[in-house]
Amino acid sequence: MIIDTAPRFPADRGGVAILGCGTIAQSAHLPAYEQHGVGVTGVWSRRMETTAEVVERFPFVGRVYATAEDLLGDPAVRYVDLATGPEGRLHWIDAAVAAGKHVLAQKPLTLSADDLARLPEVLARAEAAGVRVAVNHNGRWAPPWRAATLLVRDGAIGQAVGVTHLHDKALPPLIGTPFDDVPHMLLTDYLLHWVDITRSWLQDGGAGPVTTVQACDSRVPGQPLAARNPWSATLSLTTATGATATLRVAGNVVASEPGCPFWVHGTTGTLRGSVLLDSDRLELDDGATRTSVPLHGAWFVDGFAAAMGELMCAVAEGREPENSAADAARSVALVLAARTSAERGGVPVSVEVAA
């Protein structure tokens with residue numbers, strides 16, 4: 001069984017500029033672009049010291065822009081990799097669209113219900129300007145998840161019945177970081193990759209859109225007082241067909257072989273796998289035979305290259321990208337519903353109400 005999960009690019013993969021070249025851009029975006037031959041015209045960050053060594057570390061980067069306006073006004077820039085935080089993101093998307101640039105925006109696209117409601121106006125302006133807006137849901141191209149997506153789309157498990165994820169690894173450092181200041185951070189930000197891929201599998205597997213979300217989070221034994229956010233979270237999704245999904249973060253898990261196992265159950269088969277920290281694997285079980293799916297590459301950094309590659313391919317092919325902002329907004333609606341559910345003590349919340 002051969003499943004091609006490698007990033008795809010058109011012949012011309014140049015003209016990228018990074019607006020907001022901070023930690024994630026320098027640790028993942030730039031290494032991904034360097035590895036996959038993506039041409040980076042330049043970068044910009046609010047603080048000059050943030051980008052002081054970028055050109056030295058990444059000689060393929062053309063320049064450091066003095067201002068964001070310089071970046072947006074450069075005719076050599078075709079794609080703006082918008083790697084700022086979610087606050088004010090719609091303003092930057094609007095500015096890039098007005099400058100005639102295609103946009104790859106970092107996730108989460110927004111954590112504001114008001115911004116989510118305004119998004120269609122912004123995307124209408126993008127359509128009128130003839131530019132595409134995509135979201136950097138790089139997890140969709142983590143090799144086990146991507147292979148699972150292609151198999152689900154191909155009907156390998158029949159109709160999707162349920163999806164389960166277990167976070168069987170330590171949490172990233174949170175204490176003292178900006179992430180710890182985000183209310184219900186696990187539900188709204190950290191787990192967004194998991195929510196997004198799960199929604200994709202349910203939809204591609206014929207389960208239809210998610211209609212109800214239920215979530216809770218809690219502090220756990222051993223969690224330091226300085227940690228502001230709960231370290232445990234459980235999120236459940238239900239579709240109109242009755243198909244369900246569960247995402248579980250038990251806490252700061254101790255594991256000698258860490259990973260994030262997942263299961264995608266269908267009417268005629270099951271996909272079992274894991275992602276992250278050298279745990280990558282996937283197998284297809286049709287009820288009689290278990291077939292291992294060969295995997296190549298890794299989420300970091302191939303997923304980051306693939307997210308940009310999909311936008312570039314969509315532009316070259318005159319279509320909407322798979323990771324379009326309109327599609328990503330559906331995942332945002334789910335995590336906003338999860339936040340609402342947690343704030344209400346874990347009661348089920350309809351996606352329409354939360355969105």
# chains A, B, ... in the order shown; residues from 1 in each chain; ligands from 1
$ residues_around --residues "Ala255 (chain A)" --least-positions-apart "4" --cutoff "8 Å" --atoms "only C-alpha atoms" --output "PyMOL selection string"
chain A and resi 168-170
$ residues_around --residues "Val77 (chain A)" --least-positions-apart "2" --cutoff "7 Å" --atoms "only C-alpha atoms" --output "list in words"
Gly15, Val16, Ala17, Thr41, Asp74, Pro75 and Tyr79 of chain A
$ closest_residue --among "A:Gly242, A:Gly139, A:Gly176, A:Pro209" --to "Tyr190 (chain A)" --atoms "only C-alpha atoms"
A:Gly139
$ closest_residue --among "A:Gly20, A:Gly346, A:Gly42, A:Pro7" --to "Val213 (chain A)" --atoms "only C-alpha atoms"
A:Gly346
$ closest_atom_pairs --of "region 154-205 of chain A" --to "region 222-234 of chain A" --cutoff "8 Å" --atoms "only C-alpha atoms" --output "tab-separated table"
residue	atom	partner	partner_atom	distance
A:Leu174	CA	A:Ala227	CA	7.2
A:Ile175	CA	A:Ala227	CA	5.1
A:Gly176	CA	A:Ala227	CA	7.8
A:Asp180	CA	A:Asn229	CA	5.7
A:Asp181	CA	A:Arg228	CA	7.1
A:Val182	CA	A:Asn229	CA	7.8
A:Pro183	CA	A:Asn229	CA	7.0
A:His184	CA	A:Asn229	CA	6.4
A:Met185	CA	A:Asn229	CA	6.6
A:Leu186	CA	A:Ala233	CA	6.7
A:Leu187	CA	A:Ala233	CA	6.8
$ closest_atom_pairs --of "region 159-243 of chain A" --to "region 107-110 of chain A" --cutoff "10 Å" --atoms "only C-alpha atoms" --output "CSV"
residue,atom,partner,partner_atom,distance
A:Thr188,CA,A:Pro108,CA,8.3
A:Asp189,CA,A:Pro108,CA,6.5
A:Tyr190,CA,A:Pro108,CA,9.2
A:Leu192,CA,A:Pro108,CA,7.3
A:His193,CA,A:Lys107,CA,8.6
$ residues_around --residues "Gly206 (chain A)" --least-positions-apart "6" --cutoff "10 Å" --atoms "only C-alpha atoms" --output "number ranges by chain"
A: 152-153, 155, 158-161, 241, 243, 266
$ select_by_dssp --residues "region 204-332 of chain A" --states "alpha helix (DSSP H)" --output "ChimeraX atom specification"
/A:204,304-317,325-332
$ residues_around --residues "Gln106 (chain A)" --least-positions-apart "4" --cutoff "10 Å" --atoms "only C-alpha atoms" --output "number ranges by chain"
A: 20, 24-25, 81-86, 89, 110, 134-138
$ write_last_selection --atoms "C-alpha atoms" --output "PDB file, in the first residue's frame"
ATOM      1  CA  GLY A  20       5.324  38.079  12.286  1.00  0.00           C
ATOM      2  CA  ILE A  24       7.215  29.394  15.548  1.00  0.00           C
ATOM      3  CA  ALA A  25       8.163  31.016  12.245  1.00  0.00           C
ATOM      4  CA  ASP A  81       2.646  33.937   5.682  1.00  0.00           C
ATOM      5  CA  LEU A  82       0.792  35.621   8.542  1.00  0.00           C
ATOM      6  CA  ALA A  83       2.361  34.218  11.712  1.00  0.00           C
ATOM      7  CA  THR A  84       1.148  36.755  14.271  1.00  0.00           C
ATOM      8  CA  GLY A  85      -1.130  35.862  17.186  1.00  0.00           C
ATOM      9  CA  PRO A  86      -4.900  35.541  16.673  1.00  0.00           C
ATOM     10  CA  ARG A  89      -5.521  38.706  12.645  1.00  0.00           C
ATOM     11  CA  THR A 110      -9.402  33.624  15.530  1.00  0.00           C
ATOM     12  CA  ALA A 134      -5.821  29.749   3.720  1.00  0.00           C
ATOM     13  CA  VAL A 135      -5.012  28.730   7.298  1.00  0.00           C
ATOM     14  CA  ASN A 136      -1.857  26.991   8.468  1.00  0.00           C
ATOM     15  CA  HIS A 137      -3.530  23.806   9.708  1.00  0.00           C
ATOM     16  CA  ASN A 138      -0.212  22.018   9.283  1.00  0.00           C
TER      17      ASN A 138
END
$ residues_around --residues "Pro120 (chain A)" --least-positions-apart "2" --cutoff "12 Å" --atoms "only C-alpha atoms" --output "PDB file with N, CA and C atoms, in the first residue's frame"
ATOM      1  N   LEU A  90      -7.663  39.384  11.677  1.00  0.00           N
ATOM      2  CA  LEU A  90      -8.504  39.794  10.562  1.00  0.00           C
ATOM      3  C   LEU A  90      -8.037  41.123   9.963  1.00  0.00           C
ATOM      4  N   ASP A  94      -7.050  41.447   6.085  1.00  0.00           N
ATOM      5  CA  ASP A  94      -7.651  42.515   5.283  1.00  0.00           C
ATOM      6  C   ASP A  94      -6.577  43.359   4.598  1.00  0.00           C
ATOM      7  N   ASP A 114     -16.944  37.329  17.594  1.00  0.00           N
ATOM      8  CA  ASP A 114     -17.227  38.512  16.773  1.00  0.00           C
ATOM      9  C   ASP A 114     -16.412  38.483  15.486  1.00  0.00           C
ATOM     10  N   ASP A 115     -15.121  38.147  15.592  1.00  0.00           N
ATOM     11  CA  ASP A 115     -14.288  38.057  14.395  1.00  0.00           C
ATOM     12  C   ASP A 115     -14.780  36.945  13.472  1.00  0.00           C
ATOM     13  N   LEU A 116     -15.216  35.843  14.051  1.00  0.00           N
ATOM     14  CA  LEU A 116     -15.723  34.736  13.243  1.00  0.00           C
ATOM     15  C   LEU A 116     -16.951  35.191  12.457  1.00  0.00           C
ATOM     16  N   ALA A 117     -17.784  36.009  13.079  1.00  0.00           N
ATOM     17  CA  ALA A 117     -18.973  36.521  12.396  1.00  0.00           C
ATOM     18  C   ALA A 117     -18.599  37.500  11.282  1.00  0.00           C
ATOM     19  N   ARG A 118     -17.469  38.211  11.450  1.00  0.00           N
ATOM     20  CA  ARG A 118     -17.032  39.178  10.443  1.00  0.00           C
ATOM     21  C   ARG A 118     -16.246  38.544   9.311  1.00  0.00           C
ATOM     22  N   VAL A 122     -14.658  39.671   5.146  1.00  0.00           N
ATOM     23  CA  VAL A 122     -13.250  39.714   4.749  1.00  0.00           C
ATOM     24  C   VAL A 122     -12.995  38.789   3.566  1.00  0.00           C
ATOM     25  N   LEU A 123     -13.577  37.596   3.616  1.00  0.00           N
ATOM     26  CA  LEU A 123     -13.367  36.636   2.536  1.00  0.00           C
ATOM     27  C   LEU A 123     -14.056  37.075   1.249  1.00  0.00           C
ATOM     28  N   ALA A 124     -15.157  37.801   1.382  1.00  0.00           N
ATOM     29  CA  ALA A 124     -15.818  38.347   0.192  1.00  0.00           C
ATOM     30  C   ALA A 124     -14.910  39.365  -0.494  1.00  0.00           C
ATOM     31  N   ARG A 125     -14.207  40.171   0.310  1.00  0.00           N
ATOM     32  CA  ARG A 125     -13.265  41.126  -0.272  1.00  0.00           C
ATOM     33  C   ARG A 125     -12.096  40.402  -0.936  1.00  0.00           C
ATOM     34  N   ALA A 126     -11.669  39.296  -0.330  1.00  0.00           N
ATOM     35  CA  ALA A 126     -10.586  38.510  -0.932  1.00  0.00           C
ATOM     36  C   ALA A 126     -11.024  37.932  -2.276  1.00  0.00           C
ATOM     37  N   GLU A 127     -12.229  37.418  -2.322  1.00  0.00           N
ATOM     38  CA  GLU A 127     -12.734  36.855  -3.579  1.00  0.00           C
ATOM     39  C   GLU A 127     -12.820  37.937  -4.652  1.00  0.00           C
ATOM     40  N   VAL A 133      -7.274  32.922   0.635  1.00  0.00           N
ATOM     41  CA  VAL A 133      -6.911  32.988   2.047  1.00  0.00           C
ATOM     42  C   VAL A 133      -6.999  31.577   2.615  1.00  0.00           C
ATOM     43  N   ALA A 325      -9.704  29.478   4.535  1.00  0.00           N
ATOM     44  CA  ALA A 325     -10.165  30.123   5.769  1.00  0.00           C
ATOM     45  C   ALA A 325     -11.626  29.801   6.042  1.00  0.00           C
ATOM     46  N   ALA A 326     -12.423  29.689   4.988  1.00  0.00           N
ATOM     47  CA  ALA A 326     -13.839  29.360   5.176  1.00  0.00           C
ATOM     48  C   ALA A 326     -13.997  27.985   5.808  1.00  0.00           C
ATOM     49  N   ASP A 327     -13.166  27.028   5.378  1.00  0.00           N
ATOM     50  CA  ASP A 327     -13.230  25.688   5.969  1.00  0.00           C
ATOM     51  C   ASP A 327     -12.680  25.697   7.391  1.00  0.00           C
ATOM     52  N   ALA A 329     -12.769  28.017   9.484  1.00  0.00           N
ATOM     53  CA  ALA A 329     -13.713  28.673  10.384  1.00  0.00           C
ATOM     54  C   ALA A 329     -14.656  27.670  11.040  1.00  0.00           C
TER      55      ALA A 329
END
$ closest_atom_pairs --of "region 17-82 of chain A" --to "region 296-320 of chain A" --cutoff "8 Å" --atoms "only C-alpha atoms" --output "tab-separated table"
residue	atom	partner	partner_atom	distance
A:Ala28	CA	A:Val301	CA	5.8
A:His29	CA	A:Phe304	CA	6.1
A:Pro31	CA	A:Val301	CA	6.9
A:Ala32	CA	A:Val301	CA	5.0
A:Tyr33	CA	A:Ala305	CA	6.0
A:His36	CA	A:Ala305	CA	6.9
$ residues_around --residues "Val351 (chain A)" --least-positions-apart "6" --cutoff "7 Å" --atoms "only C-alpha atoms" --output "number ranges by chain"
A: 211-213, 333-334, 337
$ residues_around --residues "Val210 (chain A)" --least-positions-apart "5" --cutoff "9 Å" --atoms "only C-alpha atoms" --output "JSON, numbers by chain"
{"A": [199, 202, 203, 237, 238, 239, 240, 243, 244, 334, 350, 351]}
$ atom_distance --atom1 "CA of Leu295 (chain A)" --atom2 "CA of Arg146 (chain A)"
9.7 Å
$ atom_distance --atom1 "CA of Pro10 (chain A)" --atom2 "CA of Gln35 (chain A)"
15.7 Å
